[in-house]
Amino acid sequence: METVLVEDVLHRFLLERAGVRGVLVRLGPAWREVAGRADYPAPLRALLGQSLAASALLTGNIKLDGALSLELKSSGPLRLLFAECTEQGRLRGLARWTEPLPASLELSALPDAVMAITIGHAERGQRYQGLVDLRHADLPAALENYFTQSEQLPARILLAADGEQAVGLMLQKLPDQGGHAAAGDADGWDRVLHLTATMGAAELLSTAPEQLLYRLYHEETVRLFEPRPLAFGCSCSRERVESMLRSLGREEVEAALHARGGEAEVICEFCAQRYTFDRIDAEHLLSASGVTGAPTTAQ
């Protein structure tokens with residue numbers, strides 16, 4: 001019987017014998033929606049796909065209120081990379097770059113690079129942000145080090161992406177209980193790492209989640225929890241765009257109206273949604289922010 005390859009899904013699982021918990025994410029349509037927004041060079045497309053999978057992966061074992069995002073900035077050709085997963089499993093991401101882009105995007109080689117993981121609800125002021133040490137060349141190693149430093153728990157992370165799929169696998173050793181290894185198996189973590197090391201990127205991308213977990217860990221008593229659906233989704237809205245325009249101030253809004261003959265247009269970089277504002281709209285939102293005076297008439 002042929003295995004149906006389900007995509008845009010997050011699986012949480014427990015390797016009971018070894019005392020290891022894990023999360024497996026497989027993205028298809030959601031990733032292709034993000035990847036199709038720009039003509040990304042191959043190395044950047046791979047890194048963005050890995051980052052998008054990672055943003056979902058990292059939500060697997062936390063109670064999320066709002067969203068979790070990964071954001072990378074540097075002064076080099078890769079200017080910005082952003083990936084986000086919300087508590088509803090909605091994903092979005094983008095990257096900005098200039099040519100020429102290096103053939104190999106090693107994080108440790110990016111000039112003045114900073115990567116932050118932000119968790120929480122920005123609009124309610126509930127946010128936690130941690131910085132990722134970028135001394136490692138690739139994203140999985142950088143995130144593994146982040147978990148070791150922030151949670152004092154070892155983690156193993158695999159990430160892979162091509163033009164069609166983006167996949168992530170994360171394993172974490174369960175905390176010791178009373179000085180004894182979780183599940184009473186002192187060798188469990190090392191054994192799971194050895195099994196995981198047999199999985200290459202090509203197999204990770206081409207294998208269905210349940211089949212992959214069975215192939216790797218069938219002797220470890222895999223307990224698979226209810227899958228969580230994922231999908232592309234953007235949190236942009238007209239209200240958020242209006243708030244952004246208010247923050248720009250009257251002068252900037254009037255300049256935008258003048259440049260387009262009396263109508264300003266804002267296009268969301270994540271989902272390409274278009275928001276248009278005429279002079280009446282502009283005066284309404286500016287008046288609501290307490291900015292007085294009428295927009296000037298276009299010449």
# chains A, B, ... in the order shown; residues from 1 in each chain; ligands from 1
>>> residues_around(residues="A:Leu205", least_positions_apart="5", cutoff="12 Å", atoms="only C-alpha atoms", output="list in words")
Leu5, Glu7, Leu24, Val25, Arg26, Leu27, Gly28, Gly49, Gln50, Ala53, Leu158, Leu159, Ala160, Ala161, Asp162, Gly163, Glu164, Gln165, Ala166, Val167, Gly168, Leu169, Met199, Gly200 and Leu212 of chain A
>>> residues_around(residues="A:Thr86", least_positions_apart="4", cutoff="7 Å", atoms="only C-alpha atoms", output="mmCIF file with N, CA and C atoms, in the first residue's frame")
data_model
loop_
_atom_site.group_PDB
_atom_site.id
_atom_site.type_symbol
_atom_site.label_atom_id
_atom_site.label_comp_id
_atom_site.auth_asym_id
_atom_site.auth_seq_id
_atom_site.Cartn_x
_atom_site.Cartn_y
_atom_site.Cartn_z
ATOM 1 N N GLY A 66 0.741 33.858 20.836
ATOM 2 C CA GLY A 66 1.115 34.827 19.810
ATOM 3 C C GLY A 66 1.882 34.165 18.699
ATOM 4 N N ALA A 67 3.203 34.385 18.677
ATOM 5 C CA ALA A 67 4.009 33.856 17.573
ATOM 6 C C ALA A 67 5.442 33.645 18.024
ATOM 7 N N LEU A 68 6.136 32.803 17.285
ATOM 8 C CA LEU A 68 7.583 32.607 17.454
ATOM 9 C C LEU A 68 8.242 32.964 16.136
ATOM 10 N N ARG A 90 0.141 29.224 11.664
ATOM 11 C CA ARG A 90 0.246 29.990 10.428
ATOM 12 C C ARG A 90 1.689 30.437 10.222
ATOM 13 N N LEU A 91 2.208 30.206 9.028
ATOM 14 C CA LEU A 91 3.610 30.450 8.717
ATOM 15 C C LEU A 91 3.773 31.542 7.674
#
>>> residues_around(residues="A:Cys85", least_positions_apart="2", cutoff="10 Å", atoms="only C-alpha atoms", output="ChimeraX atom specification")
/A:52-59,64,66-70,83,87-93,119,230-234
>>> select_by_dssp(residues="stretch 85-274 of chain A", states="strand (DSSP E or B)", output="MDAnalysis selection string")
chainID A and resid 85:86 90:97 114:121 126:132 155:161 166:173 177 180 222:224 228:229 231:232 263:267 274
>>> atom_distance(atom1="atom CA of A:Gly188", atom2="atom CA of A:Glu16")
9.5 Å
>>> residues_around(residues="A:Arg215", least_positions_apart="6", cutoff="12 Å", atoms="only C-alpha atoms", output="list in words")
Leu195, Thr196, Thr198, Met199, Glu203, Leu204, Thr207, Ala208, Pro209 and Val222 of chain A
>>> atom_distance(atom1="atom CA of A:Leu14", atom2="atom CA of A:Thr148")
19.5 Å
>>> residues_around(residues="A:Val241", least_positions_apart="6", cutoff="10 Å", atoms="only C-alpha atoms", output="list in words")
Ser247, Val266, Ile267, Cys268, Tyr275 and Thr276 of chain A
>>> write_last_selection(atoms="N, CA and C atoms", output="compact mmCIF listing (two decimals), in the first residue's frame")
# COMPACT_ATOMS: atom_id res chain seq x y z
N SER A 247 2.17 56.14 12.30
CA SER A 247 3.51 56.29 12.87
C SER A 247 4.44 57.06 11.95
N VAL A 266 -0.21 50.35 -0.13
CA VAL A 266 0.75 49.59 0.66
C VAL A 266 0.56 48.11 0.30
N ILE A 267 1.65 47.46 -0.06
CA ILE A 267 1.61 46.04 -0.44
C ILE A 267 2.38 45.24 0.60
N CYS A 268 1.74 44.24 1.18
CA CYS A 268 2.39 43.39 2.17
C CYS A 268 3.46 42.54 1.49
N TYR A 275 -3.32 47.26 0.07
CA TYR A 275 -4.17 48.14 0.84
C TYR A 275 -4.07 49.54 0.24
N THR A 276 -5.20 50.11 -0.14
CA THR A 276 -5.20 51.43 -0.78
C THR A 276 -5.92 52.44 0.12
>>> residues_around(residues="A:Phe225", least_positions_apart="6", cutoff="8 Å", atoms="only C-alpha atoms", output="PDB file with N, CA and C atoms, in the first residue's frame")
ATOM      1  N   HIS A  11       4.387  17.040  13.948  1.00  0.00           N
ATOM      2  CA  HIS A  11       4.200  15.853  14.781  1.00  0.00           C
ATOM      3  C   HIS A  11       5.050  15.979  16.036  1.00  0.00           C
ATOM      4  N   ARG A  12       4.440  15.847  17.185  1.00  0.00           N
ATOM      5  CA  ARG A  12       5.175  15.697  18.434  1.00  0.00           C
ATOM      6  C   ARG A  12       5.233  14.209  18.777  1.00  0.00           C
ATOM      7  N   PHE A  13       6.359  13.773  19.319  1.00  0.00           N
ATOM      8  CA  PHE A  13       6.493  12.354  19.655  1.00  0.00           C
ATOM      9  C   PHE A  13       7.401  12.180  20.859  1.00  0.00           C
TER      10      PHE A  13
END
>>> select_by_dssp(residues="stretch 86-256 of chain A", states="helix (DSSP H, G or I)", output="PyMOL selection string")
chain A and resi 107-109+122-124+139-151+182-184+188-196+201-206+209-217+238-248+250-256
>>> closest_residue(among="A:Leu107, A:Glu71, A:Asp65, A:Asp39", to="A:Arg127", atoms="only C-alpha atoms")
A:Asp65
>>> closest_residue(among="A:Ala42, A:Ala264, A:Val23, A:Gly60", to="A:Ala103", atoms="only C-alpha atoms")
A:Ala42
>>> residues_around(residues="A:Val20", least_positions_apart="3", cutoff="9 Å", atoms="only C-alpha atoms", output="list in words")
Phe13, Leu14, Leu15, Glu16, Arg17, Leu171, Gln172, Lys173, Leu174, Ala182, Ala183, Gly188, Trp189 and Val192 of chain A
>>> atom_distance(atom1="atom CA of A:Leu286", atom2="atom CA of A:Glu242")
8.9 Å
>>> closest_residue(among="A:Leu72, A:Leu285, A:Ala201, A:Leu78", to="A:Thr98", atoms="only C-alpha atoms")
A:Leu78
>>> decode(residues="stretch 143-157 of chain A", atoms="N, CA and C atoms", output="JSON list (two decimals), in the first residue's frame")
[["chain", "number", "residue", "atom", "x", "y", "z"],
["A", 143, "LEU", "N", 21.23, 26.59, 16.42],
["A", 143, "LEU", "CA", 20.04, 26.40, 17.26],
["A", 143, "LEU", "C", 20.29, 25.36, 18.35],
["A", 144, "GLU", "N", 21.06, 24.32, 18.04],
["A", 144, "GLU", "CA", 21.41, 23.35, 19.06],
["A", 144, "GLU", "C", 22.17, 24.01, 20.21],
["A", 145, "ASN", "N", 23.10, 24.87, 19.87],
["A", 145, "ASN", "CA", 23.86, 25.58, 20.90],
["A", 145, "ASN", "C", 22.96, 26.51, 21.70],
["A", 146, "TYR", "N", 21.99, 27.12, 21.04],
["A", 146, "TYR", "CA", 21.04, 28.00, 21.72],
["A", 146, "TYR", "C", 20.28, 27.23, 22.81],
["A", 147, "PHE", "N", 19.80, 26.03, 22.48],
["A", 147, "PHE", "CA", 19.06, 25.25, 23.45],
["A", 147, "PHE", "C", 19.95, 24.77, 24.59],
["A", 148, "THR", "N", 21.18, 24.40, 24.27],
["A", 148, "THR", "CA", 22.10, 23.98, 25.31],
["A", 148, "THR", "C", 22.36, 25.10, 26.30],
["A", 149, "GLN", "N", 22.51, 26.33, 25.78],
["A", 149, "GLN", "CA", 22.80, 27.47, 26.64],
["A", 149, "GLN", "C", 21.56, 27.96, 27.39],
["A", 150, "SER", "N", 20.41, 27.99, 26.73],
["A", 150, "SER", "CA", 19.22, 28.59, 27.33],
["A", 150, "SER", "C", 18.44, 27.63, 28.22],
["A", 151, "GLU", "N", 18.44, 26.34, 27.89],
["A", 151, "GLU", "CA", 17.66, 25.37, 28.65],
["A", 151, "GLU", "C", 18.51, 24.35, 29.39],
["A", 152, "GLN", "N", 19.81, 24.38, 29.17],
["A", 152, "GLN", "CA", 20.72, 23.40, 29.76],
["A", 152, "GLN", "C", 20.30, 21.96, 29.44],
["A", 153, "LEU", "N", 19.69, 21.79, 28.29],
["A", 153, "LEU", "CA", 19.30, 20.46, 27.82],
["A", 153, "LEU", "C", 19.87, 20.25, 26.42],
["A", 154, "PRO", "N", 20.53, 19.13, 26.19],
["A", 154, "PRO", "CA", 21.05, 18.88, 24.84],
["A", 154, "PRO", "C", 19.94, 18.70, 23.83],
["A", 155, "ALA", "N", 20.20, 19.16, 22.62],
["A", 155, "ALA", "CA", 19.22, 19.03, 21.52],
["A", 155, "ALA", "C", 19.95, 18.62, 20.26],
["A", 156, "ARG", "N", 19.25, 17.92, 19.40],
["A", 156, "ARG", "CA", 19.76, 17.61, 18.07],
["A", 156, "ARG", "C", 18.72, 18.08, 17.06],
["A", 157, "ILE", "N", 19.14, 18.85, 16.09],
["A", 157, "ILE", "CA", 18.24, 19.44, 15.11],
["A", 157, "ILE", "C", 18.73, 19.13, 13.71]]
